[in-house]
file query_7.txt (compact mmCIF, C-alpha atoms and all ligand atoms)
# COMPACT_ATOMS: atom_id res chain seq x y z
CA MET D 1 -5.47 -47.12 -25.61
CA GLU D 2 -5.78 -43.99 -23.48
CA ARG D 3 -5.60 -40.75 -25.46
CA SER D 4 -2.61 -38.55 -24.56
CA ASP D 5 -3.41 -35.21 -22.90
CA ALA D 6 0.00 -33.86 -23.91
CA LEU D 7 0.21 -30.48 -25.60
CA LEU D 8 3.38 -29.43 -27.42
CA ILE D 9 3.86 -25.81 -28.45
CA ARG D 10 6.57 -25.66 -31.12
CA ASN D 11 8.88 -22.75 -31.93
CA ALA D 12 7.63 -20.15 -29.46
CA THR D 13 9.29 -16.96 -28.28
CA LEU D 14 9.29 -16.64 -24.48
CA PRO D 15 8.90 -13.28 -22.66
CA ASP D 16 12.52 -13.34 -21.45
CA GLY D 17 13.66 -13.34 -25.08
CA ARG D 18 14.37 -17.06 -25.52
CA LEU D 19 13.67 -17.88 -29.18
CA GLN D 20 12.61 -21.06 -30.98
CA HIS D 21 11.64 -22.91 -27.83
CA ASP D 22 9.20 -25.78 -27.51
CA VAL D 23 7.03 -26.13 -24.42
CA LEU D 24 5.57 -29.52 -23.55
CA ALA D 25 2.62 -29.86 -21.18
CA ALA D 26 1.31 -33.12 -19.78
CA SER D 27 -1.07 -33.93 -16.94
CA GLY D 28 -1.64 -30.22 -16.40
CA ARG D 29 2.02 -29.27 -15.87
CA ILE D 30 4.93 -28.04 -17.94
CA VAL D 31 7.20 -31.07 -18.25
CA ALA D 32 9.85 -29.85 -20.70
CA ILE D 33 11.13 -26.67 -22.33
CA GLY D 34 13.77 -26.68 -25.04
CA ALA D 35 14.53 -26.71 -28.72
CA GLY D 36 13.37 -29.63 -30.89
CA LEU D 37 11.56 -31.60 -28.18
CA PRO D 38 10.23 -34.97 -29.35
CA ALA D 39 6.42 -35.08 -29.54
CA PRO D 40 4.90 -37.80 -27.32
CA GLU D 41 2.62 -40.20 -29.16
CA GLY D 42 -0.86 -38.74 -29.51
CA ALA D 43 0.19 -35.27 -28.35
CA ARG D 44 -1.53 -32.22 -29.78
CA VAL D 45 1.12 -30.13 -31.55
CA VAL D 46 0.66 -26.38 -32.06
CA GLN D 47 3.04 -24.49 -34.35
CA ALA D 48 3.72 -21.11 -32.71
CA GLU D 49 5.86 -19.96 -35.66
CA GLY D 50 7.93 -17.62 -33.49
CA LEU D 51 5.01 -15.98 -31.73
CA LEU D 52 5.10 -15.04 -28.05
CA LEU D 53 4.08 -17.64 -25.48
CA SER D 54 3.43 -15.73 -22.25
CA PRO D 55 2.31 -16.76 -18.81
CA PRO D 56 -1.31 -15.66 -18.32
CA PHE D 57 -2.20 -12.06 -17.62
CA VAL D 58 -2.86 -11.22 -13.98
CA ASP D 59 -5.04 -8.37 -12.72
CA ALA D 60 -3.91 -7.40 -9.22
CA HIS D 61 -6.71 -4.91 -8.62
CA PHE D 62 -10.33 -5.22 -9.63
CA HIS D 63 -13.90 -4.73 -8.39
CA MET D 64 -15.88 -7.73 -9.56
CA ASP D 65 -18.91 -6.97 -7.41
CA ALA D 66 -19.52 -3.78 -9.39
CA THR D 67 -18.43 -4.88 -12.84
CA LEU D 68 -20.85 -4.74 -15.80
CA SER D 69 -23.34 -2.73 -13.73
CA HIS D 70 -22.86 0.40 -15.84
CA GLY D 71 -26.09 2.44 -16.02
CA LEU D 72 -27.65 0.80 -12.94
CA PRO D 73 -29.54 2.64 -11.60
CA ARG D 74 -28.08 5.60 -13.53
CA VAL D 75 -24.80 6.74 -15.04
CA ASN D 76 -22.11 8.76 -13.24
CA ARG D 77 -22.76 12.29 -14.54
CA SER D 78 -19.71 14.06 -13.14
CA GLY D 79 -17.38 11.14 -13.81
CA THR D 80 -15.77 11.62 -10.38
CA LEU D 81 -14.62 9.08 -7.82
CA LEU D 82 -16.96 10.51 -5.18
CA GLU D 83 -20.06 10.36 -7.40
CA GLY D 84 -19.05 6.81 -8.28
CA ILE D 85 -18.97 5.88 -4.58
CA ALA D 86 -22.37 7.57 -4.08
CA LEU D 87 -23.79 5.78 -7.13
CA TRP D 88 -22.53 2.43 -5.87
CA GLY D 89 -24.30 3.24 -2.58
CA GLU D 90 -27.56 3.73 -4.53
CA LEU D 91 -27.11 0.45 -6.37
CA LYS D 92 -26.17 -1.67 -3.33
CA PRO D 93 -29.70 -2.05 -1.86
CA MET D 94 -30.93 -3.22 -5.27
CA LEU D 95 -28.33 -5.95 -5.74
CA THR D 96 -29.37 -9.58 -5.89
CA LEU D 97 -27.17 -12.61 -5.44
CA GLU D 98 -28.18 -13.96 -8.84
CA ALA D 99 -27.37 -10.74 -10.70
CA LEU D 100 -24.00 -10.38 -8.94
CA VAL D 101 -23.07 -13.95 -9.82
CA GLU D 102 -24.20 -13.61 -13.42
CA ARG D 103 -22.29 -10.38 -14.05
CA ALA D 104 -19.14 -11.77 -12.41
CA LEU D 105 -19.31 -14.98 -14.44
CA GLN D 106 -19.77 -13.00 -17.64
CA TYR D 107 -16.73 -10.88 -16.79
CA CYS D 108 -14.70 -14.05 -16.08
CA ASP D 109 -15.69 -15.30 -19.56
CA TRP D 110 -14.33 -12.08 -21.06
CA ALA D 111 -11.19 -12.39 -18.93
CA VAL D 112 -10.45 -15.97 -20.00
CA ALA D 113 -10.84 -15.03 -23.66
CA ARG D 114 -8.27 -12.26 -23.03
CA GLY D 115 -5.83 -14.70 -21.41
CA LEU D 116 -6.47 -13.15 -17.98
CA LEU D 117 -6.45 -16.13 -15.63
CA ALA D 118 -5.86 -14.59 -12.17
CA ILE D 119 -7.70 -11.66 -10.61
CA ARG D 120 -7.56 -10.07 -7.18
CA THR D 121 -10.93 -8.46 -6.59
CA HIS D 122 -11.95 -6.16 -3.78
CA VAL D 123 -15.41 -6.97 -2.41
CA ASP D 124 -17.46 -4.37 -0.57
CA VAL D 125 -18.27 -5.50 2.98
CA CYS D 126 -20.30 -2.40 4.00
CA ASP D 127 -23.56 -4.27 3.60
CA ASP D 128 -24.82 -6.20 6.58
CA ARG D 129 -26.16 -8.93 4.29
CA LEU D 130 -22.63 -9.49 2.84
CA LEU D 131 -24.40 -10.28 -0.41
CA ALA D 132 -21.43 -9.45 -2.63
CA VAL D 133 -19.15 -11.57 -0.43
CA GLN D 134 -21.47 -14.55 -0.72
CA ALA D 135 -21.82 -14.06 -4.48
CA LEU D 136 -18.10 -13.81 -5.12
CA LEU D 137 -17.20 -16.72 -2.84
CA HIS D 138 -19.61 -18.75 -4.98
CA VAL D 139 -18.05 -17.42 -8.19
CA LYS D 140 -14.54 -18.08 -6.87
CA ALA D 141 -15.35 -21.76 -6.37
CA ARG D 142 -17.19 -21.99 -9.68
CA VAL D 143 -14.40 -20.51 -11.82
CA ALA D 144 -11.54 -22.19 -9.91
CA PRO D 145 -10.91 -24.77 -12.67
CA TYR D 146 -10.06 -22.01 -15.13
CA LEU D 147 -9.37 -18.77 -13.21
CA ASP D 148 -7.76 -17.92 -9.86
CA LEU D 149 -9.93 -15.43 -8.04
CA GLN D 150 -8.59 -13.85 -4.85
CA LEU D 151 -10.98 -11.81 -2.69
CA VAL D 152 -10.19 -8.72 -0.60
CA ALA D 153 -12.57 -7.65 2.18
CA PHE D 154 -13.05 -4.00 1.25
CA PRO D 155 -14.88 -1.55 3.53
CA GLN D 156 -15.80 0.84 0.69
CA ASP D 157 -17.52 3.37 2.99
CA GLY D 158 -14.69 3.42 5.55
CA LEU D 159 -13.67 0.92 8.23
CA LEU D 160 -14.33 3.41 11.05
CA ARG D 161 -16.74 5.71 9.19
CA ALA D 162 -19.39 3.17 8.18
CA PRO D 163 -21.53 1.38 10.75
CA ASN D 164 -20.60 -2.27 11.30
CA ALA D 165 -17.78 -2.13 8.76
CA LEU D 166 -15.12 -3.67 11.02
CA ALA D 167 -17.49 -6.41 12.23
CA ASN D 168 -18.59 -7.11 8.66
CA LEU D 169 -14.99 -7.23 7.47
CA GLU D 170 -14.17 -9.82 10.13
CA ARG D 171 -17.27 -11.82 9.21
CA ALA D 172 -16.14 -11.78 5.57
CA LEU D 173 -12.71 -13.09 6.59
CA ASP D 174 -14.41 -15.81 8.66
CA LEU D 175 -16.34 -16.82 5.54
CA GLY D 176 -13.11 -17.33 3.61
CA VAL D 177 -12.24 -13.98 2.03
CA ASP D 178 -8.49 -14.05 1.45
CA VAL D 179 -7.08 -10.54 1.98
CA VAL D 180 -7.65 -7.59 4.34
CA GLY D 181 -8.69 -4.36 2.58
CA GLY D 182 -9.27 -0.76 3.59
CA ILE D 183 -9.63 2.84 2.44
CA PRO D 184 -7.86 5.12 4.94
CA HIS D 185 -8.18 8.35 2.91
CA PHE D 186 -11.98 8.00 3.03
CA GLU D 187 -12.17 7.91 6.85
CA ARG D 188 -13.46 11.05 8.60
CA THR D 189 -10.03 12.40 9.56
CA ALA D 190 -6.41 11.69 8.70
CA GLU D 191 -6.02 10.35 12.26
CA GLN D 192 -8.90 7.94 11.77
CA GLY D 193 -7.34 6.89 8.47
CA ALA D 194 -4.05 6.13 10.22
CA ARG D 195 -5.93 4.26 12.96
CA SER D 196 -7.70 2.15 10.32
CA VAL D 197 -4.36 1.20 8.77
CA GLN D 198 -3.08 0.07 12.17
CA ILE D 199 -6.22 -1.97 12.92
CA LEU D 200 -6.18 -3.64 9.50
CA CYS D 201 -2.48 -4.53 9.60
CA GLU D 202 -2.82 -5.97 13.11
CA LEU D 203 -5.86 -7.96 12.01
CA ALA D 204 -3.93 -9.39 9.05
CA ALA D 205 -0.92 -10.21 11.23
CA ALA D 206 -3.13 -12.03 13.74
CA ARG D 207 -4.81 -14.06 11.01
CA GLY D 208 -1.73 -14.63 8.82
CA LEU D 209 -3.32 -12.83 5.87
CA ARG D 210 -2.18 -10.39 3.21
CA VAL D 211 -3.19 -6.72 3.15
CA ASP D 212 -4.24 -4.60 0.17
CA LEU D 213 -5.48 -1.09 0.90
CA HIS D 214 -6.97 1.51 -1.39
CA CYS D 215 -4.47 4.04 -0.17
CA ASP D 216 -4.18 7.78 -0.78
CA GLU D 217 -6.47 7.67 -3.82
CA SER D 218 -6.65 11.44 -4.12
CA ASP D 219 -4.70 14.38 -5.54
CA ASP D 220 -3.93 15.63 -2.02
CA PRO D 221 -0.14 15.82 -1.54
CA GLN D 222 -0.70 15.68 2.22
CA SER D 223 -2.48 12.32 2.07
CA ARG D 224 0.24 10.10 3.48
CA HIS D 225 -1.32 6.86 4.61
CA VAL D 226 1.21 4.88 2.59
CA GLU D 227 3.84 6.05 5.09
CA THR D 228 1.70 4.62 7.90
CA LEU D 229 1.14 1.45 5.88
CA ALA D 230 4.90 0.98 5.43
CA PHE D 231 5.44 1.66 9.14
CA HIS D 232 2.97 -0.96 10.39
CA THR D 233 4.06 -3.46 7.74
CA HIS D 234 7.63 -3.18 9.01
CA ARG D 235 6.61 -3.12 12.68
CA LEU D 236 4.49 -6.27 12.37
CA GLY D 237 6.89 -8.20 10.11
CA LEU D 238 4.44 -8.29 7.22
CA HIS D 239 7.19 -7.71 4.64
CA GLY D 240 6.20 -8.73 1.12
CA ARG D 241 2.57 -9.37 2.08
CA VAL D 242 1.19 -5.84 1.91
CA THR D 243 0.05 -3.81 -1.10
CA GLY D 244 -0.68 -0.13 -1.47
CA SER D 245 -3.23 0.27 -4.26
CA HIS D 246 -3.60 3.48 -6.28
CA LEU D 247 -1.24 5.75 -4.23
CA THR D 248 -2.28 8.59 -6.54
CA SER D 249 -1.38 11.25 -3.97
CA MET D 250 2.27 10.33 -4.60
CA HIS D 251 1.85 11.99 -7.99
CA SER D 252 1.36 15.33 -6.24
CA MET D 253 3.77 14.95 -3.31
CA ASP D 254 6.82 17.07 -2.77
CA ASN D 255 9.90 15.42 -4.33
CA ASP D 256 11.92 15.79 -1.16
CA TYR D 257 9.31 13.91 0.86
CA VAL D 258 9.12 11.17 -1.80
CA SER D 259 12.89 10.72 -1.54
CA LYS D 260 12.34 9.77 2.11
CA LEU D 261 9.22 7.70 1.45
CA LEU D 262 10.56 5.37 -1.27
CA PRO D 263 13.24 3.72 0.95
CA LEU D 264 10.64 3.18 3.68
CA MET D 265 8.34 1.45 1.20
CA ARG D 266 11.27 -0.62 -0.04
CA GLU D 267 12.25 -1.55 3.52
CA ALA D 268 8.70 -2.82 4.15
CA GLN D 269 8.73 -4.66 0.79
CA LEU D 270 5.42 -3.07 -0.05
CA HIS D 271 3.86 -3.95 -3.38
CA VAL D 272 2.25 -1.15 -5.36
CA VAL D 273 -0.65 -1.36 -7.80
CA ALA D 274 -1.32 1.55 -10.15
CA ASN D 275 -4.56 1.54 -12.12
CA PRO D 276 -3.74 3.62 -15.20
CA LEU D 277 -7.11 3.60 -17.01
CA VAL D 278 -9.03 4.65 -13.95
CA ASN D 279 -6.40 6.92 -12.38
CA ILE D 280 -6.03 8.97 -15.57
CA THR D 281 -9.81 9.47 -15.79
CA LEU D 282 -10.65 10.04 -12.09
CA GLN D 283 -7.68 12.05 -10.85
CA GLY D 284 -6.99 15.71 -11.52
CA ARG D 285 -10.71 16.43 -11.77
CA ALA D 286 -10.45 19.56 -9.62
CA ASP D 287 -7.58 20.93 -11.70
CA THR D 288 -7.97 23.47 -14.45
CA TYR D 289 -4.75 23.54 -16.47
CA PRO D 290 -2.19 22.12 -16.27
CA LYS D 291 -4.15 19.00 -15.31
CA ARG D 292 -2.36 16.38 -13.23
CA ARG D 293 -2.24 12.83 -14.57
CA GLY D 294 -2.74 11.44 -11.09
CA MET D 295 -1.05 8.08 -11.55
CA THR D 296 1.51 7.14 -8.91
CA ARG D 297 5.25 7.39 -9.70
CA VAL D 298 5.65 4.07 -11.46
CA PRO D 299 9.18 4.33 -12.94
CA GLU D 300 10.57 5.88 -9.76
CA LEU D 301 8.99 3.14 -7.62
CA MET D 302 10.40 0.46 -9.92
CA ALA D 303 13.84 2.11 -9.86
CA ALA D 304 13.70 2.04 -6.05
CA GLY D 305 13.31 -1.75 -6.17
CA ILE D 306 9.61 -1.81 -5.35
CA ASN D 307 7.34 -4.32 -7.09
CA VAL D 308 4.76 -2.43 -9.17
CA ALA D 309 1.81 -3.98 -10.97
CA PHE D 310 -0.92 -2.43 -13.11
CA GLY D 311 -4.56 -3.22 -12.34
CA HIS D 312 -7.72 -2.76 -14.39
CA ASP D 313 -9.70 -1.61 -11.33
CA CYS D 314 -13.03 -1.18 -13.13
CA VAL D 315 -14.88 -2.37 -16.22
CA MET D 316 -18.30 -0.90 -17.00
CA ASP D 317 -19.23 0.11 -13.47
CA PRO D 318 -20.10 3.33 -11.57
CA TRP D 319 -16.54 4.61 -11.93
CA TYR D 320 -15.56 3.61 -15.47
CA SER D 321 -17.82 2.81 -18.39
CA LEU D 322 -15.23 1.23 -20.71
CA GLY D 323 -12.94 -1.82 -20.69
CA SER D 324 -13.14 -5.47 -21.64
CA GLY D 325 -10.68 -7.36 -19.41
CA ASP D 326 -7.74 -6.58 -21.68
CA MET D 327 -4.61 -6.22 -19.54
CA LEU D 328 -2.64 -5.16 -22.63
CA GLU D 329 -4.92 -2.12 -22.86
CA VAL D 330 -4.06 -1.43 -19.21
CA ALA D 331 -0.33 -1.84 -19.88
CA GLN D 332 -0.52 0.42 -22.92
CA MET D 333 -2.21 3.19 -20.93
CA GLY D 334 0.27 2.79 -18.06
CA LEU D 335 3.17 3.05 -20.48
CA HIS D 336 1.81 6.28 -21.98
CA VAL D 337 0.82 7.96 -18.73
CA ALA D 338 4.19 7.18 -17.12
CA GLN D 339 6.11 8.03 -20.32
CA MET D 340 7.84 4.64 -20.04
CA THR D 341 8.94 4.52 -23.66
CA SER D 342 12.41 2.97 -23.55
CA GLN D 343 12.55 -0.67 -24.62
CA ALA D 344 13.36 -1.76 -21.05
CA GLN D 345 10.51 0.33 -19.63
CA MET D 346 7.98 -0.98 -22.16
CA ARG D 347 9.11 -4.48 -21.25
CA ALA D 348 8.59 -3.56 -17.57
CA CYS D 349 5.01 -2.55 -18.40
CA PHE D 350 4.41 -6.07 -19.73
CA ASP D 351 5.79 -7.44 -16.45
CA ALA D 352 3.37 -5.15 -14.59
CA VAL D 353 0.41 -7.13 -15.96
CA THR D 354 2.06 -10.55 -15.68
CA VAL D 355 4.86 -11.49 -13.27
CA ASN D 356 4.70 -8.39 -11.04
CA ALA D 357 0.94 -8.78 -10.59
CA ALA D 358 1.42 -12.48 -9.79
CA ALA D 359 3.87 -11.42 -7.05
CA VAL D 360 1.26 -9.05 -5.59
CA MET D 361 -1.22 -11.94 -5.39
CA GLY D 362 1.43 -14.36 -4.09
CA LEU D 363 0.60 -16.89 -6.81
CA ASP D 364 2.53 -20.15 -6.54
CA GLY D 365 4.00 -21.78 -9.63
CA TYR D 366 3.48 -18.80 -11.92
CA GLY D 367 5.56 -18.62 -15.09
CA ILE D 368 6.69 -20.80 -17.96
CA GLU D 369 9.07 -23.08 -16.11
CA VAL D 370 9.32 -26.86 -15.87
CA GLY D 371 7.19 -28.16 -13.00
CA ASN D 372 4.76 -25.22 -12.98
CA PRO D 373 1.10 -25.57 -13.94
CA ALA D 374 0.70 -25.50 -17.72
CA ASP D 375 -0.94 -22.07 -17.88
CA PHE D 376 -0.02 -19.84 -20.83
CA VAL D 377 -1.25 -17.65 -23.64
CA LEU D 378 -0.16 -17.69 -27.27
CA LEU D 379 -0.19 -14.10 -28.47
CA GLN D 380 -0.23 -12.86 -32.05
CA ALA D 381 2.96 -10.85 -31.48
CA ARG D 382 6.67 -11.62 -31.46
CA SER D 383 7.72 -9.78 -28.31
CA PRO D 384 6.20 -8.23 -25.16
CA VAL D 385 6.62 -4.75 -26.65
CA GLU D 386 4.81 -5.77 -29.83
CA ALA D 387 2.10 -7.38 -27.71
CA ILE D 388 1.48 -4.02 -26.02
CA ARG D 389 1.67 -2.09 -29.30
CA LEU D 390 -0.92 -4.30 -30.98
CA ARG D 391 -2.92 -5.18 -27.87
CA ALA D 392 -2.23 -8.53 -29.39
CA ASN D 393 -4.85 -11.07 -30.25
CA ARG D 394 -4.96 -14.08 -27.93
CA LEU D 395 -4.69 -17.00 -30.33
CA MET D 396 -4.83 -19.67 -27.64
CA VAL D 397 -5.35 -19.62 -23.87
CA VAL D 398 -4.25 -22.71 -21.93
CA ARG D 399 -5.05 -23.57 -18.33
CA ARG D 400 -3.60 -26.71 -16.69
CA GLY D 401 -2.68 -27.98 -20.15
CA GLN D 402 -6.21 -27.60 -21.56
CA VAL D 403 -7.23 -25.05 -24.18
CA VAL D 404 -9.87 -22.82 -22.53
CA ALA D 405 -10.20 -20.20 -25.29
CA HIS D 406 -8.95 -19.62 -28.81
CA ALA D 407 -9.41 -17.05 -31.52
CA PRO D 408 -8.63 -16.79 -35.23
CA ALA D 409 -5.65 -14.68 -36.26
CA ALA D 410 -6.37 -10.97 -36.59
CA THR D 411 -5.86 -9.92 -40.18
CA ALA D 412 -7.43 -7.70 -42.81
CA THR D 413 -7.76 -8.39 -46.50
CA LEU D 414 -6.51 -5.62 -48.75
CA CYS D 415 -8.19 -4.85 -52.05
CA LEU D 416 -5.45 -2.67 -53.49
CA PRO D 417 -3.59 -2.96 -56.78
CA ASP D 418 0.10 -3.88 -56.50
CA ARG D 419 -0.05 -4.28 -52.71
CA PRO D 420 -0.01 -7.41 -50.51
CA PRO D 421 -3.29 -9.32 -50.21
CA SER D 422 -3.51 -8.83 -46.43
CA VAL D 423 -1.96 -7.16 -43.37
CA ASP D 424 -1.61 -8.25 -39.74
CA TRP D 425 0.19 -5.11 -38.44
CA THR D 426 3.42 -6.95 -37.53
CA LEU D 427 6.61 -5.43 -38.85
CA ARG D 428 8.46 -7.72 -41.25
CA ARG D 429 11.91 -6.73 -42.44
FE FE2 D 501 -10.09 0.09 -6.65
call {"tool": "encode", "arguments": {"input": "query_7.txt", "output": "structure tokens", "more": "lines below"}}
Ligand code: FE2
result
Amino acid sequence: MERSDALLIRNATLPDGRLQHDVLAASGRIVAIGAGLPAPEGARVVQAEGLLLSPPFVDAHFHMDATLSHGLPRVNRSGTLLEGIALWGELKPMLTLEALVERALQYCDWAVARGLLAIRTHVDVCDDRLLAVQALLHVKARVAPYLDLQLVAFPQDGLLRAPNALANLERALDLGVDVVGGIPHFERTAEQGARSVQILCELAAARGLRVDLHCDESDDPQSRHVETLAFHTHRLGLHGRVTGSHLTSMHSMDNDYVSKLLPLMREAQLHVVANPLVNITLQGRADTYPKRRGMTRVPELMAAGINVAFGHDCVMDPWYSLGSGDMLEVAQMGLHVAQMTSQAQMRACFDAVTVNAAAVMGLDGYGIEVGNPADFVLLQARSPVEAIRLRANRLMVVRRGQVVAHAPAATATLCLPDRPPSVDWTLRR
């Protein structure tokens, strides 16, 4: 008799607040959700005991070609964005295909263990060999059974500023890179930045692709390429397919100008990705005190009806020497930096690393719904807010109905008289 591949999760809490629900997966898909579902013969049954069953974490903004390269060939002494770009330029000629693949695969291992099963990564195309593109196309195919990797052709040194960047970007797209990237604020002039936005949007429209630009990643209140991005998105009918990443200049803009900008971004259905860990460390570097936080206006963007996700951006690379693929760490930092402390806002920060990020990537079949792929994470927390508070342990990570990672419950034994024998940091009343 053939062994059943069915997996039944009993008594889970779902992110929308549904309690005591069972989720049944079979043949890689969610086939039933409800209370007291019968267990098919031979099914594996997991008792969730009221813990949170979430769709997988999604990172809408990452740099997998640079990840885990910290210290190669040296560390970033000033800690600034510009020294990071210069340092990456020093490292690029030394890169090998094998090392790029190995570091990316190791990061994907970390990601899976954190329940992070979809990542949009920018890939530098300012290298005539397109070594990073080749490496990450290989990694994308290799990890496809357990992680969705989406690649963005990213001209790190400027589309119009760097030699061959436009030609290399088009070559990368020809090779199968998914999304058109750019960095308008790094072009030689504001006019050249605006021109690059136009070229990139027209290229994406002609090829039927999505756009994701590093946009206005500075503390300059006059850096306004997001306005140009919204304009060309609307002009070319790219609504819902274009993302402005970082948008840190919005932090410093005049409020009156922002009140005009937000409806234009909404009209274009732009997505926004803030990168709290990296924005809070790289921005405001030229300030004395008070020091700007530098993250874009997340609650105001959300209130304007704009989809906002949080990205990790960097892990152990020339720009950021910390991180471990934990999107709950990202959400926790975003929550603090944006002062999003109401229950609804904290819940929105959980969405920013799950459903909102999936919308940025345009993932099909995302979410715990009947008929969708059986992809989910059992967290050692009872609600999205508690998951952020505890940066909750990932007890079980499931992809297409198969367990791809699991971990023992996080707990500590107490050796105290007249106190409980252990704690797990959850609040029990
Ligand atoms: Fe980035």
call {"tool": "closest_atom_pairs", "arguments": {"input": "query_7.txt", "of": "chain D", "to": "ligand FE2 501 (chain D)", "cutoff": "8 Å", "atoms": "all atoms listed in the file", "output": "Markdown table"}}
result
| residue | atom | partner | partner_atom | distance |
| --- | --- | --- | --- | --- |
| D:His61 | CA | D:FE2_501 | FE | 6.3 |
| D:Phe62 | CA | D:FE2_501 | FE | 6.1 |
| D:His63 | CA | D:FE2_501 | FE | 6.4 |
| D:His122 | CA | D:FE2_501 | FE | 7.1 |
| D:His214 | CA | D:FE2_501 | FE | 6.3 |
| D:Ser245 | CA | D:FE2_501 | FE | 7.3 |
| D:His246 | CA | D:FE2_501 | FE | 7.3 |
| D:Asn275 | CA | D:FE2_501 | FE | 7.9 |
| D:Asp313 | CA | D:FE2_501 | FE | 5.0 |
| D:Cys314 | CA | D:FE2_501 | FE | 7.2 |
call {"tool": "residues_near_point", "arguments": {"input": "query_7.txt", "point": "(5.0, 12.0, -8.8)", "cutoff": "12 Å", "atoms": "all atoms listed in the file", "output": "count of residues only"}}
result
30
call {"tool": "closest_residue", "arguments": {"input": "query_7.txt", "among": "D:Arg10, D:Gln269, D:Leu264, D:Ala405", "to": "Asp109 in chain D", "atoms": "all atoms listed in the file"}}
result
D:Ala405
call {"tool": "residues_near_point", "arguments": {"input": "query_7.txt", "point": "(-7.7, 6.6, 8.1)", "cutoff": "10 Å", "atoms": "all atoms listed in the file", "output": "PDB file with C-alpha atoms, in the frame of the given file"}}
result
ATOM      1  CA  GLY D 158     -14.690   3.420   5.550  1.00  0.00           C
ATOM      2  CA  LEU D 159     -13.670   0.920   8.230  1.00  0.00           C
ATOM      3  CA  LEU D 160     -14.330   3.410  11.050  1.00  0.00           C
ATOM      4  CA  ARG D 161     -16.740   5.710   9.190  1.00  0.00           C
ATOM      5  CA  GLY D 182      -9.270  -0.760   3.590  1.00  0.00           C
ATOM      6  CA  ILE D 183      -9.630   2.840   2.440  1.00  0.00           C
ATOM      7  CA  PRO D 184      -7.860   5.120   4.940  1.00  0.00           C
ATOM      8  CA  HIS D 185      -8.180   8.350   2.910  1.00  0.00           C
ATOM      9  CA  PHE D 186     -11.980   8.000   3.030  1.00  0.00           C
ATOM     10  CA  GLU D 187     -12.170   7.910   6.850  1.00  0.00           C
ATOM     11  CA  ARG D 188     -13.460  11.050   8.600  1.00  0.00           C
ATOM     12  CA  THR D 189     -10.030  12.400   9.560  1.00  0.00           C
ATOM     13  CA  ALA D 190      -6.410  11.690   8.700  1.00  0.00           C
ATOM     14  CA  GLU D 191      -6.020  10.350  12.260  1.00  0.00           C
ATOM     15  CA  GLN D 192      -8.900   7.940  11.770  1.00  0.00           C
ATOM     16  CA  GLY D 193      -7.340   6.890   8.470  1.00  0.00           C
ATOM     17  CA  ALA D 194      -4.050   6.130  10.220  1.00  0.00           C
ATOM     18  CA  ARG D 195      -5.930   4.260  12.960  1.00  0.00           C
ATOM     19  CA  SER D 196      -7.700   2.150  10.320  1.00  0.00           C
ATOM     20  CA  VAL D 197      -4.360   1.200   8.770  1.00  0.00           C
ATOM     21  CA  GLN D 198      -3.080   0.070  12.170  1.00  0.00           C
ATOM     22  CA  ILE D 199      -6.220  -1.970  12.920  1.00  0.00           C
ATOM     23  CA  CYS D 215      -4.470   4.040  -0.170  1.00  0.00           C
ATOM     24  CA  ASP D 216      -4.180   7.780  -0.780  1.00  0.00           C
ATOM     25  CA  SER D 223      -2.480  12.320   2.070  1.00  0.00           C
ATOM     26  CA  ARG D 224       0.240  10.100   3.480  1.00  0.00           C
ATOM     27  CA  HIS D 225      -1.320   6.860   4.610  1.00  0.00           C
ATOM     28  CA  THR D 228       1.700   4.620   7.900  1.00  0.00           C
TER      29      THR D 228
END
call {"tool": "atom_distance", "arguments": {"input": "query_7.txt", "atom1": "CA of Val278 in chain D", "atom2": "CA of Val377 in chain D"}}
result
25.5 Å
call {"tool": "closest_residue", "arguments": {"input": "query_7.txt", "among": "D:Ala6, D:Leu130, D:Gly240, D:Leu169", "to": "Gly42 in chain D", "atoms": "only C-alpha atoms"}}
result
D:Ala6
call {"tool": "closest_residue", "arguments": {"input": "query_7.txt", "among": "D:Pro408, D:Gly367, D:Gly71, D:Gly36", "to": "Leu322 in chain D", "atoms": "all atoms listed in the file"}}
result
D:Gly71
call {"tool": "closest_residue", "arguments": {"input": "query_7.txt", "among": "D:Tyr107, D:Tyr366, D:Tyr146, D:Phe310", "to": "Ala331 in chain D", "atoms": "all atoms listed in the file"}}
result
D:Phe310
call {"tool": "atom_distance", "arguments": {"input": "query_7.txt", "atom1": "CA of Glu90 in chain D", "atom2": "CA of Asp212 in chain D"}}
result
25.2 Å
call {"tool": "closest_residue", "arguments": {"input": "query_7.txt", "among": "D:Pro373, D:Pro55, D:Pro318, D:Gly89", "to": "Arg29 in chain D", "atoms": "only C-alpha atoms"}}
result
D:Pro373
call {"tool": "closest_residue", "arguments": {"input": "query_7.txt", "among": "D:Ala86, D:Leu378, D:Val226, D:Leu117", "to": "Met265 in chain D", "atoms": "all atoms listed in the file"}}
result
D:Val226
call {"tool": "residues_around", "arguments": {"input": "query_7.txt", "residues": "Arg382 in chain D", "least_positions_apart": "5", "cutoff": "12 Å", "atoms": "all atoms listed in the file", "output": "list in words"}}
result
Asn11, Ala12, Thr13, Leu14, Pro15, Asp16, Gly17, Arg18, Leu19, Gln20, Ala48, Glu49, Gly50, Leu51, Leu52, Leu53, Ser54, Ala387, Ile388, Arg389, Leu390, Ala392, Asn393, Trp425, Thr426, Leu427 and Arg428 of chain D
